[in-house]
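What follows is a single structure, written as structure tokens, with notes after it.
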Amino acid sequence: MIEEWLSQAMHIAMVVFGFGFLIFVHEFGHFIVAKWKGVKVTKFSLGFGPAIFTFRMGETQYALSIIPLGGFCKLAGERLQGKDEQAEQEDADVPPERLLTSKTVGQRALIFAAGAFLNLAVAFPLGVLMVMIGGPAPIAKVSVAPGGAYTAGVHSGDVIKSINNQPVHYWSEMVAAVKKAPIKDPFPVTVDRDGAVKTYQVVRADESDDLGLQLQAETVIGFVHPAGPARKAGIKLGDELISVAKLDEPAVQIKRWQDFEDVIRSSPNAQVTITVKRKKSDRNGGPMTTEIAVTPDKETDYEIGVEYGNGADAVIHSVQGDSPASRAGLQPGDVITAINGKGTTTWSDITSAVNQAGFAIPISLLRDGRKIDLTVEREGKDDLIGIASAGSLLMITEVKDDSPAQQAGLIAGDIILKIGNKEVDNLPDGKLFAGGQAHKITIKRGNDTLTATVTPLAEIYGKVGVGASPASEFRRVSFPAAISEGIGKTIHLFGLTFKLLYGLFRMEISPDNLAGPVGIISLSYMQAQTGLHYFVHFLMMITISLGIFNLLPIPILDGGHIAFLLIEKIKGKAVSDRTFAIAQYTGLVFLLALVLYVTRNDVMNFIL
């Protein structure tokens, strides 16, 4: 119990220190540039409201205030809400050249921008620190999509050991090695498959070719949404999934992530029991197995009532090297006409027939107009045989009765070319239809190009808010190596932040995902519990967001002050005190409304 209290106290201290540090960085930016430009700083406070304690050093009063949600740096001559007689009296004894108003527009803009700029700048040393602390790094254990590696014989679950004779271990090293590999010339790829080392000759088609190598998803929790049912039920990062069971149904053993995902998606608002293996040891010193009851949220998707397949027909696009299909003699371009005596006309027919077949699978096919019969033999009934479709066309393989697609006149075999004005070339990872409004679809039917209007229907599925973890190892690097890697990770985080803001601006991301003070503090505490590596990464996200947010041209924020200075530069004089005061109060009302909205999100996501 004492150890638990000490752990909680340490995590709380990390949160307090972390946020205090970011607030200090911001205000120190204003402070140091104001001093540099000769402006008197009358007060420097961490926090708002009544001061817990104060002291004076030189001409500045320093304070730690009771509300730790920001801070301020009071500058002589600064106007906050228009004309302020009390402030003018306080500044009466300050030499005119020490007042903020005596400085040029450019100097004042630099003072106001300095806090945000320093917040953005501090993200880079935090990135270096995060890399030096070390954390889980994905290794080069791959899942293989149709491509050069698939054709050569690399299998899902293989661990890549070298690319073109360059040793690799981590995923980032493998990606870099692939980019350096020759184009259109065979090069060796060495893999470890269950302890056996194999080497394949792989061909890379062009500069963008990644050989079809993707991160292998393990059955270990690698992401827990802070507001999702899984976190509230007690699922933690690092939990290994063992089984999942619906009420009154036998448990499904989880051999791959998709096994778990299938049960969760089919259980909206219906409780399931998830069995996990947790690293925390029990009395016998072994890993602890825990059962967790969780009810997936209801999520809405929009569908038109069809099944999709990649590829326009039953033509083999790729044959995986070192696979049952390659050993049986199947070749790219073969047209499969029957499997186990059952006719096949679509790729969906092929996958269904293979799933239902046994160890030995009779296959009939056409090759260059000749009919060929052969048998594919596999070791297990669940083993893939190693063939893939073209994957470049999105074809409707089945149209459900009384569906929107049937009512619109769509039929099996139609190839979807466009949805609205957006071209579609394969089955995307995301959603095809964003809502229940009517969509214009362009299809190819035989040699004809047709259009149809279809209105999707809402479909409900379950979601608990977790993601899979790739196979990873703890990794820490030295300071010199951490500099370049940490800067790279920080730049990547900047890109993600701007992408998020762009999504919010275009209404592609719901503002319901925004967190307020309660949510941010809760998230930071969770990250502190997870580990110092994750906590520093979270501080990087916050300091970047804080810097960007403060530069927005909203009155009362630093960006609002800069906007008024830009107007002053253009007009040749400052806006009137009345205009400035109205703008400031308008900005204050906006920020209060925003705080209320995100606090509502916090209550829904973190409290209820």
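Following the order of the structure tokens, chains are lettered A, B, ..., residues in each are numbered from 1, and ligands are numbered from 1.
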request  = Please report, as a PyMOL selection string, each residue of region 261-474 of chain A to which DSSP assigns strand (DSSP E) when run on this structure's backbone.
outcome  = chain A and resi 272-281+287-294+297-303+306-310+318-319+335-339+342-343+360-367+370-377+387-388+394-399+415-419+422-423+439-445+448-454+457-463+466-470+472-474
For the residues in that selection, give me C-alpha atoms as a tab-separated table (two decimals), in the first residue's frame.
chain	number	residue	atom	x	y	z
A	272	VAL	CA	-17.92	-9.06	-23.54
A	273	THR	CA	-15.29	-10.61	-21.30
A	274	ILE	CA	-11.68	-10.11	-22.36
A	275	THR	CA	-9.00	-12.32	-20.85
A	276	VAL	CA	-5.55	-10.75	-20.79
A	277	LYS	CA	-2.11	-11.71	-19.56
A	278	ARG	CA	-0.48	-8.87	-17.62
A	279	LYS	CA	3.22	-8.42	-16.82
A	280	LYS	CA	2.50	-7.82	-13.15
A	281	SER	CA	3.56	-10.99	-11.33
A	287	PRO	CA	2.41	-13.41	-15.32
A	288	MET	CA	-1.08	-12.68	-14.03
A	289	THR	CA	-4.13	-13.64	-16.09
A	290	THR	CA	-7.06	-11.27	-15.64
A	291	GLU	CA	-10.65	-11.28	-16.92
A	292	ILE	CA	-12.08	-7.84	-17.75
A	293	ALA	CA	-15.72	-7.13	-18.56
A	294	VAL	CA	-16.22	-4.30	-21.03
A	297	ASP	CA	-19.53	1.60	-27.61
A	298	LYS	CA	-21.96	1.81	-30.49
A	299	GLU	CA	-20.24	3.32	-33.52
A	300	THR	CA	-21.97	4.23	-36.77
A	301	ASP	CA	-20.74	3.39	-40.24
A	302	TYR	CA	-22.53	3.94	-43.54
A	303	GLU	CA	-22.85	1.15	-46.10
A	306	VAL	CA	-22.60	-4.82	-50.90
A	307	GLU	CA	-19.55	-6.99	-50.46
A	308	TYR	CA	-16.31	-5.76	-52.01
A	309	GLY	CA	-13.39	-7.58	-53.54
A	310	ASN	CA	-10.03	-6.38	-54.77
A	318	SER	CA	0.83	-12.46	-57.39
A	319	VAL	CA	2.05	-15.85	-56.21
A	335	VAL	CA	-7.46	-17.63	-64.21
A	336	ILE	CA	-8.94	-19.88	-61.51
A	337	THR	CA	-12.13	-21.49	-62.80
A	338	ALA	CA	-12.88	-23.97	-60.00
A	339	ILE	CA	-11.69	-24.97	-56.52
A	342	LYS	CA	-16.85	-25.58	-57.29
A	343	GLY	CA	-16.86	-22.90	-59.98
A	360	ALA	CA	-5.20	-30.87	-50.34
A	361	ILE	CA	-7.03	-28.39	-52.59
A	362	PRO	CA	-7.86	-29.35	-56.23
A	363	ILE	CA	-7.74	-26.27	-58.44
A	364	SER	CA	-8.78	-25.88	-62.09
A	365	LEU	CA	-7.42	-22.92	-64.04
A	366	LEU	CA	-6.84	-21.44	-67.47
A	367	ARG	CA	-3.32	-20.52	-68.58
A	370	ARG	CA	-5.15	-24.13	-71.82
A	371	LYS	CA	-7.07	-25.86	-69.05
A	372	ILE	CA	-4.84	-27.09	-66.22
A	373	ASP	CA	-5.75	-29.12	-63.13
A	374	LEU	CA	-3.42	-29.25	-60.15
A	375	THR	CA	-3.49	-29.73	-56.38
A	376	VAL	CA	-2.24	-27.32	-53.74
A	377	GLU	CA	-1.16	-28.97	-50.51
A	387	ILE	CA	-1.97	-16.10	-53.96
A	388	ALA	CA	-3.20	-12.52	-54.26
A	394	LEU	CA	-12.64	-2.07	-56.22
A	395	MET	CA	-15.24	-4.54	-57.44
A	396	ILE	CA	-18.68	-5.31	-56.06
A	397	THR	CA	-18.78	-9.08	-55.51
A	398	GLU	CA	-22.25	-9.31	-53.96
A	399	VAL	CA	-25.30	-7.08	-53.74
A	415	ILE	CA	-16.18	-1.83	-60.58
A	416	ILE	CA	-16.37	1.39	-58.55
A	417	LEU	CA	-14.29	4.13	-60.15
A	418	LYS	CA	-15.45	7.24	-58.25
A	419	ILE	CA	-17.56	8.22	-55.26
A	422	LYS	CA	-13.08	11.21	-55.50
A	423	GLU	CA	-11.38	8.42	-57.42
A	439	HIS	CA	-23.77	9.87	-53.21
A	440	LYS	CA	-23.11	9.79	-56.93
A	441	ILE	CA	-21.12	6.67	-57.87
A	442	THR	CA	-19.29	6.14	-61.14
A	443	ILE	CA	-18.90	2.49	-62.11
A	444	LYS	CA	-17.47	0.39	-64.91
A	445	ARG	CA	-19.67	-2.42	-66.17
A	448	ASP	CA	-19.41	0.82	-70.29
A	449	THR	CA	-18.98	3.61	-67.74
A	450	LEU	CA	-22.19	4.33	-65.83
A	451	THR	CA	-23.34	6.49	-62.92
A	452	ALA	CA	-25.78	5.75	-60.12
A	453	THR	CA	-27.07	7.63	-57.09
A	454	VAL	CA	-27.16	5.69	-53.86
A	457	LEU	CA	-27.72	3.23	-44.56
A	458	ALA	CA	-26.29	3.47	-41.07
A	459	GLU	CA	-24.73	0.29	-39.69
A	460	ILE	CA	-23.87	-0.11	-36.03
A	461	TYR	CA	-20.71	-1.82	-34.80
A	462	GLY	CA	-18.82	-2.09	-31.52
A	463	LYS	CA	-15.64	-0.29	-30.53
A	466	VAL	CA	-7.73	-0.02	-28.25
A	467	GLY	CA	-5.07	-0.62	-30.88
A	468	ALA	CA	-2.57	-3.36	-31.56
A	469	SER	CA	1.11	-3.12	-30.70
A	470	PRO	CA	3.80	-4.12	-33.18
A	472	SER	CA	8.90	-4.07	-30.10
A	473	GLU	CA	12.03	-3.96	-27.99
A	474	PHE	CA	13.30	-1.39	-25.49
query = Given the choices A:Gln271, A:Asn601, A:Asn119, A:Gln437, which gets closest to Met541 (chain A) if the distance is worked out from only C-alpha atoms?
reply = A:Asn119
request  = Pick out the residues sitting within 8 Å of Ala205 (chain A), and hand them over as JSON, numbers by chain; count only C-alpha atoms, and ignore anything fewer than 4 positions along from it in its own chain.
outcome  = {"A": [148, 183, 184, 209]}
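From CA of Arg98 (chain A) back to CA of Phe549 (chain A), the distance works out to 28.9 Å.
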message = Using only C-alpha atoms for the distances, tell me which of A:Phe24, A:Phe535, A:Phe505, A:Phe498 is nearest to Leu64 (chain A).
response = A:Phe24
query = What lies within 10 Å of region 33-50 of chain A using only C-alpha atoms, ignoring chain neighbours under 3 positions off, as a VMD selection string?
reply = chain A and resid 20 to 21 23 to 24 27 to 30 53 to 54 56 58 to 78 90 to 91 94 to 103 107 to 108 110 to 115
Mind dumping the selected residues with N, CA and C atoms as a short mmCIF file (atom, residue, chain, number, x, y, z; two decimals), in the first residue's frame?
data_model
loop_
_atom_site.label_atom_id
_atom_site.label_comp_id
_atom_site.auth_asym_id
_atom_site.auth_seq_id
_atom_site.Cartn_x
_atom_site.Cartn_y
_atom_site.Cartn_z
N GLY A 20 4.26 22.84 -14.91
CA GLY A 20 4.93 24.03 -14.41
C GLY A 20 6.09 24.43 -15.31
N PHE A 21 6.81 23.44 -15.81
CA PHE A 21 7.93 23.71 -16.70
C PHE A 21 7.46 24.37 -17.99
N ILE A 23 4.67 26.08 -18.54
CA ILE A 23 4.19 27.44 -18.25
C ILE A 23 5.38 28.38 -18.04
N PHE A 24 6.37 27.90 -17.30
CA PHE A 24 7.57 28.72 -17.07
C PHE A 24 8.26 29.06 -18.39
N GLU A 27 6.23 31.87 -20.24
CA GLU A 27 6.36 33.20 -19.64
C GLU A 27 7.80 33.69 -19.67
N PHE A 28 8.74 32.76 -19.55
CA PHE A 28 10.15 33.16 -19.61
C PHE A 28 10.50 33.72 -20.99
N GLY A 29 9.83 33.20 -22.04
CA GLY A 29 10.05 33.75 -23.38
C GLY A 29 9.71 35.22 -23.43
N HIS A 30 8.52 35.57 -22.91
CA HIS A 30 8.14 36.99 -22.85
C HIS A 30 9.13 37.77 -21.98
N PHE A 53 2.90 32.42 -2.65
CA PHE A 53 4.00 33.18 -2.07
C PHE A 53 4.63 34.05 -3.15
N THR A 54 5.24 35.14 -2.70
CA THR A 54 5.88 36.08 -3.63
C THR A 54 7.24 36.48 -3.07
N ARG A 56 10.60 39.50 -4.25
CA ARG A 56 11.06 40.49 -5.21
C ARG A 56 12.56 40.34 -5.42
N GLY A 58 15.34 42.46 -7.70
CA GLY A 58 15.55 43.60 -8.60
C GLY A 58 14.25 44.36 -8.76
N GLU A 59 13.89 44.66 -9.99
CA GLU A 59 12.70 45.47 -10.25
C GLU A 59 11.45 44.62 -10.47
N THR A 60 11.56 43.29 -10.40
CA THR A 60 10.44 42.39 -10.73
C THR A 60 9.97 41.64 -9.50
N GLN A 61 8.64 41.55 -9.35
CA GLN A 61 8.03 40.73 -8.30
C GLN A 61 7.69 39.36 -8.91
N TYR A 62 8.15 38.31 -8.25
CA TYR A 62 7.91 36.94 -8.71
C TYR A 62 6.86 36.30 -7.80
N ALA A 63 5.94 35.50 -8.42
CA ALA A 63 4.84 34.92 -7.64
C ALA A 63 4.51 33.52 -8.13
N LEU A 64 4.05 32.71 -7.20
CA LEU A 64 3.47 31.40 -7.50
C LEU A 64 2.02 31.49 -7.04
N SER A 65 1.08 31.41 -8.02
CA SER A 65 -0.33 31.64 -7.72
C SER A 65 -1.11 30.33 -7.64
N ILE A 66 -2.32 30.43 -7.10
CA ILE A 66 -3.05 29.24 -6.68
C ILE A 66 -3.68 28.45 -7.83
N ILE A 67 -3.99 29.10 -8.96
CA ILE A 67 -4.62 28.41 -10.10
C ILE A 67 -3.54 28.07 -11.12
N PRO A 68 -3.13 26.79 -11.21
CA PRO A 68 -1.97 26.44 -12.04
C PRO A 68 -2.33 26.15 -13.49
N LEU A 69 -3.13 27.03 -14.10
CA LEU A 69 -3.56 26.80 -15.48
C LEU A 69 -2.97 27.82 -16.44
N GLY A 70 -1.81 28.32 -16.11
CA GLY A 70 -1.15 29.30 -16.96
C GLY A 70 -0.25 30.20 -16.15
N GLY A 71 -0.09 31.41 -16.58
CA GLY A 71 0.76 32.37 -15.89
C GLY A 71 0.72 33.69 -16.63
N PHE A 72 1.44 34.66 -16.15
CA PHE A 72 1.50 35.92 -16.88
C PHE A 72 2.79 36.66 -16.54
N CYS A 73 3.15 37.53 -17.48
CA CYS A 73 4.35 38.35 -17.35
C CYS A 73 3.89 39.80 -17.56
N LYS A 74 3.78 40.59 -16.48
CA LYS A 74 3.24 41.95 -16.56
C LYS A 74 4.35 42.91 -16.97
N LEU A 75 4.11 43.60 -18.08
CA LEU A 75 5.10 44.51 -18.65
C LEU A 75 4.66 45.96 -18.42
N ALA A 76 5.59 46.80 -18.09
CA ALA A 76 5.29 48.23 -17.91
C ALA A 76 4.80 48.81 -19.23
N GLY A 77 3.65 49.50 -19.18
CA GLY A 77 3.11 50.12 -20.38
C GLY A 77 2.20 49.21 -21.18
N GLU A 78 1.99 47.99 -20.72
CA GLU A 78 1.13 47.06 -21.46
C GLU A 78 -0.32 47.34 -21.12
N GLU A 90 0.66 53.15 -11.96
CA GLU A 90 1.78 52.29 -11.58
C GLU A 90 2.98 52.53 -12.49
N ASP A 91 2.70 52.86 -13.75
CA ASP A 91 3.78 53.04 -14.72
C ASP A 91 4.30 54.48 -14.77
N VAL A 94 7.96 54.93 -14.19
CA VAL A 94 8.85 54.15 -15.06
C VAL A 94 9.39 55.07 -16.15
N PRO A 95 10.69 55.08 -16.38
CA PRO A 95 11.23 55.91 -17.47
C PRO A 95 10.53 55.58 -18.78
N PRO A 96 10.18 56.60 -19.59
CA PRO A 96 9.42 56.36 -20.83
C PRO A 96 10.07 55.30 -21.74
N GLU A 97 11.40 55.28 -21.79
CA GLU A 97 12.07 54.32 -22.68
C GLU A 97 11.96 52.89 -22.19
N ARG A 98 11.48 52.69 -20.90
CA ARG A 98 11.31 51.34 -20.37
C ARG A 98 9.88 50.82 -20.54
N LEU A 99 9.00 51.63 -21.10
CA LEU A 99 7.61 51.22 -21.32
C LEU A 99 7.49 50.42 -22.61
N LEU A 100 6.56 49.47 -22.62
CA LEU A 100 6.33 48.67 -23.82
C LEU A 100 5.89 49.55 -24.99
N THR A 101 5.09 50.57 -24.70
CA THR A 101 4.58 51.44 -25.76
C THR A 101 5.66 52.25 -26.45
N SER A 102 6.85 52.36 -25.84
CA SER A 102 7.93 53.14 -26.45
C SER A 102 8.68 52.33 -27.51
N LYS A 103 8.40 51.06 -27.61
CA LYS A 103 9.13 50.20 -28.53
C LYS A 103 8.46 50.16 -29.89
N GLN A 107 9.49 45.27 -32.40
CA GLN A 107 10.00 44.85 -31.09
C GLN A 107 8.87 44.33 -30.20
N ARG A 108 7.72 45.02 -30.21
CA ARG A 108 6.58 44.57 -29.41
C ARG A 108 6.06 43.22 -29.91
N LEU A 110 7.76 40.91 -31.35
CA LEU A 110 8.73 39.88 -30.95
C LEU A 110 8.53 39.51 -29.48
N ILE A 111 8.24 40.50 -28.64
CA ILE A 111 8.01 40.22 -27.22
C ILE A 111 6.77 39.35 -27.04
N PHE A 112 5.69 39.69 -27.75
CA PHE A 112 4.46 38.91 -27.61
C PHE A 112 4.61 37.50 -28.20
N ALA A 113 5.39 37.36 -29.27
CA ALA A 113 5.54 36.05 -29.92
C ALA A 113 6.54 35.15 -29.19
N ALA A 114 7.39 35.74 -28.35
CA ALA A 114 8.51 34.99 -27.77
C ALA A 114 8.06 33.79 -26.94
N GLY A 115 6.95 33.94 -26.18
CA GLY A 115 6.49 32.83 -25.35
C GLY A 115 6.12 31.62 -26.19
#
request  = Write out as a PyMOL selection string all residues of region 289-386 of chain A that backbone DSSP assigns to alpha helix (DSSP H).
outcome  = chain A and resi 324-328+347-356
query = Hey, which of A:Leu588, A:Ala140, A:Ile350, A:Met174 ends up closest to Ile316 (chain A)? Count only C-alpha atoms.
reply = A:Ile350
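Minimum distance to Gln201 (chain A) across A:Pro226, A:Phe359, A:Val159, A:Val154 (counting only C-alpha atoms) occurs at A:Val154.
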message = Could you list, as a list in words, every residue within 7 Å of region 214-220 of chain A, counting only C-alpha atoms and ignoring same-chain residues fewer than 4 positions away?
response =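 Residues meeting the cut-off are Lys141, Val142, Ser143, Val144, Gly157, Gly238, Asp239, Glu240, Leu241, Arg256, Trp257, Ala468, Ser469, Pro470 and Ala471 of chain A.
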query = Restricting the calculation to only C-alpha atoms, which member of A:Val263, A:Leu557, A:Ile133, A:Ala149 is positioned closest to Leu247 (chain A)?
reply =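 Answer, going by the shortest atom-to-atom distance: A:Val263.
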inquiry  = If I take CA of Tyr585 (chain A) and CA of Leu565 (chain A), how far is one from the other in Å, to one decimal?
reply    = 17.7 Å
ask   = Given the choices A:Ile160, A:Leu211, A:Ala528, A:Leu594, which gets closest to Pro182 (chain A) if the distance is worked out from only C-alpha atoms?
value =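 Looking at the shortest contact to Pro182 (chain A), the residue is A:Leu211.
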message = When you look at Asp512 (chain A) with a cut-off of 10 Å (counting only C-alpha atoms), what residues show up, excluding the ones that are within fewer than 4 positions of it in the same chain? I need them as a VMD selection string.
response = chain A and resid 597 to 598 600 to 602 604 to 605
